[in-house]
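Down below is the structure, laid out as structure tokens.
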Amino acid sequence: MTRTAHVSDAMNAIHATNQTAPLTGQINRIDWEPGSDLLRGTCHCGARHVCDDPIAMWAWLLGHPEGHRGEESDA
Amino acid sequence: MATPFARNQWYVAAYAGEVGRELLGRTVLGEPLVLYRAEQDGSVVALSDRCVHRRFPLSASRLDGDRIVCGYHGFTYDTSGTCVYVPGQQRIPRTARVAAYPAAEVDSLVWVWIGDPQQADEKLIPRAPHLADPDMVTVRGMEPVDCDYGLLVDNLLDLSHETYLHGGYIGTPEVAETPISTEVDEAAGVVRVSRHMMDAACPPFYARSTGIDGRITRLQDIEYFAPCLYLLHSRITPVGQTEPAFHTEITYAITPSAPGKVYDFWAVSRDFAREDDEVTKFLHDFNHTVVMQDVDALNLLQKALDSEPAGYQELSINIDTGGLAARRILSRLAAA
């Protein structure tokens with residue numbers, strides 16, 4: 001399991017106790033990779049993308065589905 | 001670059017404890033409001049704060065039962081904003097009414113809806129249940145800030161500023177150094193930013209309230225329900241331990257008052273040292289100091305921005321990931 005997965009599990013556990021409103025399930029996520037300047041974006045469709053600029057990352061996420069098919073995916 | 005107002009949204013106008021039989025004036029989204037609590041059923045009434053006659057502030061007037069009597073010429077309004085008396089004549093003009101705004105009291109906060117009243121659904125109000133939880137002790141306050149409300153949103157979504165603006169209070173080097181994770185639910189208008197510091201210095205805010213004198217694991221989990229409600233779920237444990245765990249819920253309501261003006265409602269709720277009045281006073285006074293550091297900085301920043309030519313450039317980096325998402329959501333809500 002990667003460190004990112006560990007952090008994600010911890011956050012999920014915290015969110016399970018902290019959530020005060022239901023989510024729609026359409027979650028876009030950006031993790032700042034520890035020890036680097038890189039951002040890893042995960043679209044709600046599962047596509048993933050890495051870059052070092054939050055503006056460019058949001059543009060990629062909100063551009064769904066454009067450019068998401070060729071990217072790494074958890075789906 | 002003024003952040004546009006999203007009108008069809010709920011906003012906090014006051015703490016429930018502020019609204020009683022004294023008339024309270026507040027301005028939300030540029031609309032002056034007068035707030036009071038009806039004698040008949042204890043409900044909160046929110047009316048336009050301007051008499052239809054000569055625009056006298058009704059908040060500077062008086063109550064007669066559940067009716068407001070204008071302090072200038074006596075025009076009298078019921079809880080629906082309908083004028084029921086004008087001086088010296090029998091006929092009350094048809095246009096003699098002031099706007100009544102939907103209001104709801106939830107979690108010890110008074111929420112108002114300034115937009116289309118037909119869309120005012122109380123189920124849309126985001127919740128902060130800890131504020132009314134008898135198992136938590138809460139200190140609170142409100143500060144007006146002379147800045148665009150987007151600057152306060154920016155401030156709260158990026159807590160790395162704690163290291164520099166609030167060093168020696170709530171900031172330590174680890175806050176700015178620790179990478180964040182950001183989640184956005186676009187449709188729900190919710191931004192979450194998490195910063196988990198596994199081995200960090202304990203700032204005075206927590207050292208003095210919890211009694212911890214060593215290093216800590218400090219978890220910061222922000223939930224921002226655009227446009228108004230911001231929750232920071234804070235968890236502190238001595239480093240390497242799971243107990244004792246100290247839970248603090250830090251709440252902000254960010255209510256645009258007018259262009260370039262925002263109400264900064266703040267509250268700190270805790271589940272530890274609940275009987276300790278010294279801790280209560282300390283957290284109130286200390287957090288007030290921290291809030292005033294933000295107020296001074298944001299007032300200064302707004303003045304600086306006002307002196308800039310239009311179209312000035314900014315630079316965004318990783319710490320701004322959550323703030324950028326919030327800006328976009330606010331623009332979308334305003335355009336809806």
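In the structure tokens, chains take letters A, B, ... by order of appearance, with residues numbered from 1 within each chain and ligands from 1 in the order shown.
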
*Output the contact residues of chain B with respect to chain A at a cut-off of 6 Å, based on only C-alpha atoms, as a PyMOL selection string.*
chain B and resi 179-185+318+321

_Separation of CA of Glu177 (chain B) from CA of Thr163 (chain B) in Å_ = 9.1 Å

_Taking the DSSP secondary structure from the backbone, can you list the residues of region 92-290 of chain B that are strand (DSSP E or B), as a PyMOL selection string?_
chain B and resi 97+100+103-106+109-113+137-145+167+171+181-185+190-200+216-225+229-238+246-258+261-270

Now that the selection is made, can you save its residues with C-alpha atoms as an mmCIF file, in the first residue's frame?
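Full text of part16.cif as output:
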data_model
loop_
_atom_site.group_PDB
_atom_site.id
_atom_site.type_symbol
_atom_site.label_atom_id
_atom_site.label_comp_id
_atom_site.auth_asym_id
_atom_site.auth_seq_id
_atom_site.Cartn_x
_atom_site.Cartn_y
_atom_site.Cartn_z
ATOM 1 C CA ARG B 97 -44.966 47.430 3.409
ATOM 2 C CA ALA B 100 -39.848 40.314 5.090
ATOM 3 C CA ALA B 103 -35.331 33.402 8.657
ATOM 4 C CA ALA B 104 -34.480 30.187 10.461
ATOM 5 C CA GLU B 105 -32.802 29.371 13.731
ATOM 6 C CA VAL B 106 -30.541 26.344 13.396
ATOM 7 C CA LEU B 109 -27.365 30.506 14.443
ATOM 8 C CA VAL B 110 -29.919 32.794 12.813
ATOM 9 C CA TRP B 111 -29.929 32.245 9.065
ATOM 10 C CA VAL B 112 -31.598 34.572 6.570
ATOM 11 C CA TRP B 113 -32.415 34.260 2.868
ATOM 12 C CA VAL B 137 -18.450 24.223 25.431
ATOM 13 C CA THR B 138 -18.443 27.069 22.912
ATOM 14 C CA VAL B 139 -16.979 30.557 22.956
ATOM 15 C CA ARG B 140 -17.909 32.898 20.144
ATOM 16 C CA GLY B 141 -17.795 36.379 18.719
ATOM 17 C CA MET B 142 -18.232 38.426 15.559
ATOM 18 C CA GLU B 143 -15.988 40.954 13.903
ATOM 19 C CA PRO B 144 -16.863 43.115 10.904
ATOM 20 C CA VAL B 145 -14.056 43.246 8.354
ATOM 21 C CA GLY B 167 2.986 32.421 14.834
ATOM 22 C CA GLY B 171 0.808 28.675 14.032
ATOM 23 C CA SER B 181 -5.358 17.035 0.393
ATOM 24 C CA THR B 182 -8.349 18.713 -1.197
ATOM 25 C CA GLU B 183 -11.726 17.244 -2.089
ATOM 26 C CA VAL B 184 -14.463 19.107 -3.891
ATOM 27 C CA ASP B 185 -18.069 18.137 -4.400
ATOM 28 C CA VAL B 190 -18.516 21.690 -0.608
ATOM 29 C CA VAL B 191 -14.725 22.010 -0.349
ATOM 30 C CA ARG B 192 -12.708 19.878 2.045
ATOM 31 C CA VAL B 193 -9.070 20.550 2.846
ATOM 32 C CA SER B 194 -7.105 18.276 5.144
ATOM 33 C CA ARG B 195 -3.704 18.819 6.658
ATOM 34 C CA HIS B 196 -2.454 16.077 8.941
ATOM 35 C CA MET B 197 0.643 16.901 10.967
ATOM 36 C CA MET B 198 1.844 13.688 12.549
ATOM 37 C CA ASP B 199 4.665 15.224 14.628
ATOM 38 C CA ALA B 200 4.325 18.932 15.245
ATOM 39 C CA ILE B 216 1.551 16.603 19.069
ATOM 40 C CA THR B 217 -0.233 14.931 16.228
ATOM 41 C CA ARG B 218 -2.438 17.677 14.849
ATOM 42 C CA LEU B 219 -5.182 16.940 12.352
ATOM 43 C CA GLN B 220 -6.907 19.807 10.584
ATOM 44 C CA ASP B 221 -9.939 18.893 8.477
ATOM 45 C CA ILE B 222 -11.785 21.780 6.892
ATOM 46 C CA GLU B 223 -15.283 21.579 5.478
ATOM 47 C CA TYR B 224 -16.473 24.664 3.622
ATOM 48 C CA PHE B 225 -20.118 24.772 2.680
ATOM 49 C CA LEU B 229 -20.372 28.078 6.644
ATOM 50 C CA TYR B 230 -16.822 26.963 7.399
ATOM 51 C CA LEU B 231 -15.965 24.215 9.837
ATOM 52 C CA LEU B 232 -12.479 23.285 10.978
ATOM 53 C CA HIS B 233 -12.445 19.937 12.757
ATOM 54 C CA SER B 234 -9.296 19.940 14.859
ATOM 55 C CA ARG B 235 -7.939 16.840 16.611
ATOM 56 C CA ILE B 236 -4.920 16.968 18.927
ATOM 57 C CA THR B 237 -3.144 14.029 20.585
ATOM 58 C CA PRO B 238 0.300 13.755 22.172
ATOM 59 C CA PHE B 246 -8.696 16.723 22.291
ATOM 60 C CA HIS B 247 -11.434 17.709 19.862
ATOM 61 C CA THR B 248 -11.990 21.311 18.910
ATOM 62 C CA GLU B 249 -14.545 22.471 16.383
ATOM 63 C CA ILE B 250 -13.732 25.883 14.964
ATOM 64 C CA THR B 251 -16.656 27.463 13.146
ATOM 65 C CA TYR B 252 -16.804 30.506 10.934
ATOM 66 C CA ALA B 253 -19.800 32.032 9.238
ATOM 67 C CA ILE B 254 -18.690 34.268 6.405
ATOM 68 C CA THR B 255 -21.530 36.664 5.660
ATOM 69 C CA PRO B 256 -21.061 39.332 3.005
ATOM 70 C CA SER B 257 -22.499 42.524 4.431
ATOM 71 C CA ALA B 258 -21.988 44.912 1.540
ATOM 72 C CA LYS B 261 -17.571 44.416 3.914
ATOM 73 C CA VAL B 262 -18.016 41.047 5.595
ATOM 74 C CA TYR B 263 -19.159 39.767 8.970
ATOM 75 C CA ASP B 264 -16.697 37.292 10.469
ATOM 76 C CA PHE B 265 -18.684 35.142 12.907
ATOM 77 C CA TRP B 266 -16.319 32.845 14.811
ATOM 78 C CA ALA B 267 -16.750 30.147 17.419
ATOM 79 C CA VAL B 268 -14.526 27.631 19.186
ATOM 80 C CA SER B 269 -16.197 24.521 20.630
ATOM 81 C CA ARG B 270 -14.332 21.939 22.700
#

_Rounded to one decimal, what separation in Å do you get between CA of Gln119 (chain B) and CA of Pro102 (chain B)?_
9.9 Å

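Across the model, the gap from CA of Leu63 (chain B) to CA of Glu18 (chain B) is 16.0 Å.
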
Using only C-alpha atoms, find each residue in region 61-102 of chain B having at least one atom no more than 9 Å away from region 22-29 of chain B; report its shortest atom-to-atom pair and that distance in Å (one decimal), rows by chain then rising number, as CSV.
residue,atom,partner,partner_atom,distance
B:Ser61,CA,B:Leu23,CA,7.6
B:Arg62,CA,B:Leu23,CA,7.1
B:Leu63,CA,B:Leu23,CA,7.7
B:Ile68,CA,B:Leu23,CA,8.9

Using backbone DSSP assignments, extract all helix (DSSP H, G or I) residues from region 204-269 of chain B; output them as a CSV table (one decimal) with N, CA and C atoms, in the first residue's frame.
chain,number,residue,atom,x,y,z
B,204,PRO,N,0.7,27.6,21.5
B,204,PRO,CA,0.2,28.0,22.8
B,204,PRO,C,-1.4,27.8,22.9
B,205,PHE,N,-2.1,28.0,21.8
B,205,PHE,CA,-3.5,27.9,21.9
B,205,PHE,C,-3.9,26.5,22.4
B,206,TYR,N,-3.2,25.5,22.0
B,206,TYR,CA,-3.5,24.1,22.5
B,206,TYR,C,-2.7,23.7,23.7
B,207,ALA,N,-1.5,24.2,23.8
B,207,ALA,CA,-0.7,23.8,25.0
B,207,ALA,C,-1.4,24.3,26.3
B,208,ARG,N,-1.9,25.5,26.2
B,208,ARG,CA,-2.4,26.1,27.4
B,208,ARG,C,-3.9,25.6,27.7
B,209,SER,N,-4.6,25.2,26.7
B,209,SER,CA,-5.9,24.7,26.9
B,209,SER,C,-6.0,23.2,27.2
B,210,THR,N,-5.0,22.5,26.7
B,210,THR,CA,-5.0,21.0,26.9
B,210,THR,C,-4.1,20.6,28.0

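Non-sequential neighbours of region 37-43 of chain B (distance at most 6 Å, separation of 4 or more positions within a chain, only C-alpha atoms) are Gly20, Arg21 and Asp66 of chain B.
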
Quick one: residues within 12 Å of Pro65 (chain A), only C-alpha atoms, excluding same-chain residues fewer than 2 positions away - as a PDB file with N, CA and C atoms, in the first residue's frame?
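File written: out_30.pdb
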ATOM      1  N   CYS A  43     -10.086  12.402 -10.709  1.00  0.00           N
ATOM      2  CA  CYS A  43     -11.422  12.806 -11.153  1.00  0.00           C
ATOM      3  C   CYS A  43     -12.466  11.854 -10.561  1.00  0.00           C
ATOM      4  N   HIS A  44     -13.701  12.311 -10.505  1.00  0.00           N
ATOM      5  CA  HIS A  44     -14.775  11.438 -10.006  1.00  0.00           C
ATOM      6  C   HIS A  44     -14.959  10.221 -10.891  1.00  0.00           C
ATOM      7  N   CYS A  45     -14.437  10.274 -12.128  1.00  0.00           N
ATOM      8  CA  CYS A  45     -14.547   9.119 -13.023  1.00  0.00           C
ATOM      9  C   CYS A  45     -13.424   8.114 -12.771  1.00  0.00           C
ATOM     10  N   GLY A  46     -12.458   8.473 -11.926  1.00  0.00           N
ATOM     11  CA  GLY A  46     -11.354   7.569 -11.624  1.00  0.00           C
ATOM     12  C   GLY A  46     -10.072   7.910 -12.348  1.00  0.00           C
ATOM     13  N   ALA A  47     -10.149   8.763 -13.364  1.00  0.00           N
ATOM     14  CA  ALA A  47      -8.938   9.139 -14.092  1.00  0.00           C
ATOM     15  C   ALA A  47      -8.010   9.927 -13.172  1.00  0.00           C
ATOM     16  N   ARG A  48      -6.711   9.740 -13.368  1.00  0.00           N
ATOM     17  CA  ARG A  48      -5.740  10.430 -12.506  1.00  0.00           C
ATOM     18  C   ARG A  48      -4.732  11.178 -13.364  1.00  0.00           C
ATOM     19  N   ALA A  59      -8.319  22.805 -13.944  1.00  0.00           N
ATOM     20  CA  ALA A  59      -8.797  22.863 -15.331  1.00  0.00           C
ATOM     21  C   ALA A  59      -8.936  21.454 -15.903  1.00  0.00           C
ATOM     22  N   TRP A  60      -7.963  20.596 -15.579  1.00  0.00           N
ATOM     23  CA  TRP A  60      -8.033  19.207 -16.070  1.00  0.00           C
ATOM     24  C   TRP A  60      -9.233  18.486 -15.438  1.00  0.00           C
ATOM     25  N   LEU A  61      -9.410  18.632 -14.147  1.00  0.00           N
ATOM     26  CA  LEU A  61     -10.517  17.936 -13.470  1.00  0.00           C
ATOM     27  C   LEU A  61     -11.873  18.409 -13.999  1.00  0.00           C
ATOM     28  N   LEU A  62     -12.010  19.704 -14.159  1.00  0.00           N
ATOM     29  CA  LEU A  62     -13.304  20.240 -14.593  1.00  0.00           C
ATOM     30  C   LEU A  62     -13.532  20.038 -16.081  1.00  0.00           C
ATOM     31  N   GLY A  63     -12.460  19.684 -16.785  1.00  0.00           N
ATOM     32  CA  GLY A  63     -12.592  19.412 -18.210  1.00  0.00           C
ATOM     33  C   GLY A  63     -13.165  18.041 -18.501  1.00  0.00           C
ATOM     34  N   GLY A  67      -9.815  14.420 -22.243  1.00  0.00           N
ATOM     35  CA  GLY A  67      -8.452  14.096 -21.835  1.00  0.00           C
ATOM     36  C   GLY A  67      -8.364  13.132 -20.670  1.00  0.00           C
ATOM     37  N   HIS A  68      -9.480  12.552 -20.270  1.00  0.00           N
ATOM     38  CA  HIS A  68      -9.439  11.664 -19.105  1.00  0.00           C
ATOM     39  C   HIS A  68      -9.285  10.195 -19.478  1.00  0.00           C
ATOM     40  N   ARG A  69      -9.561   9.870 -20.723  1.00  0.00           N
ATOM     41  CA  ARG A  69      -9.540   8.439 -21.087  1.00  0.00           C
ATOM     42  C   ARG A  69      -8.150   7.867 -21.139  1.00  0.00           C
ATOM     43  N   GLY A  70      -7.193   8.684 -21.593  1.00  0.00           N
ATOM     44  CA  GLY A  70      -5.843   8.165 -21.743  1.00  0.00           C
ATOM     45  C   GLY A  70      -5.033   8.191 -20.464  1.00  0.00           C
ATOM     46  N   GLU A  71      -5.640   8.743 -19.383  1.00  0.00           N
ATOM     47  CA  GLU A  71      -4.890   8.895 -18.137  1.00  0.00           C
ATOM     48  C   GLU A  71      -4.958   7.621 -17.297  1.00  0.00           C
TER      49      GLU A  71
END

*asked:* Report as a VMD selection string all protein, DNA and RNA residues lying within 9 Å of region 299-313 of chain B, evaluated on only C-alpha atoms, omitting residues in the same chain fewer than 6 positions from it.
replied: chain B and resid 1 145 to 148 151 260

Residues just named, written with C-alpha atoms as a PDB file, in the first residue's frame:
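For reference, part_31.pdb as written:
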ATOM      1  CA  MET B   1     -11.759  41.808  -8.354  1.00  0.00           C
ATOM      2  CA  VAL B 145     -14.056  43.246   8.354  1.00  0.00           C
ATOM      3  CA  ASP B 146     -13.663  45.907   5.690  1.00  0.00           C
ATOM      4  CA  CYS B 147     -12.787  43.540   2.900  1.00  0.00           C
ATOM      5  CA  ASP B 148     -14.298  41.585   0.063  1.00  0.00           C
ATOM      6  CA  LEU B 151     -10.558  37.457   0.982  1.00  0.00           C
ATOM      7  CA  GLY B 260     -16.078  45.354   0.535  1.00  0.00           C
TER       8      GLY B 260
END
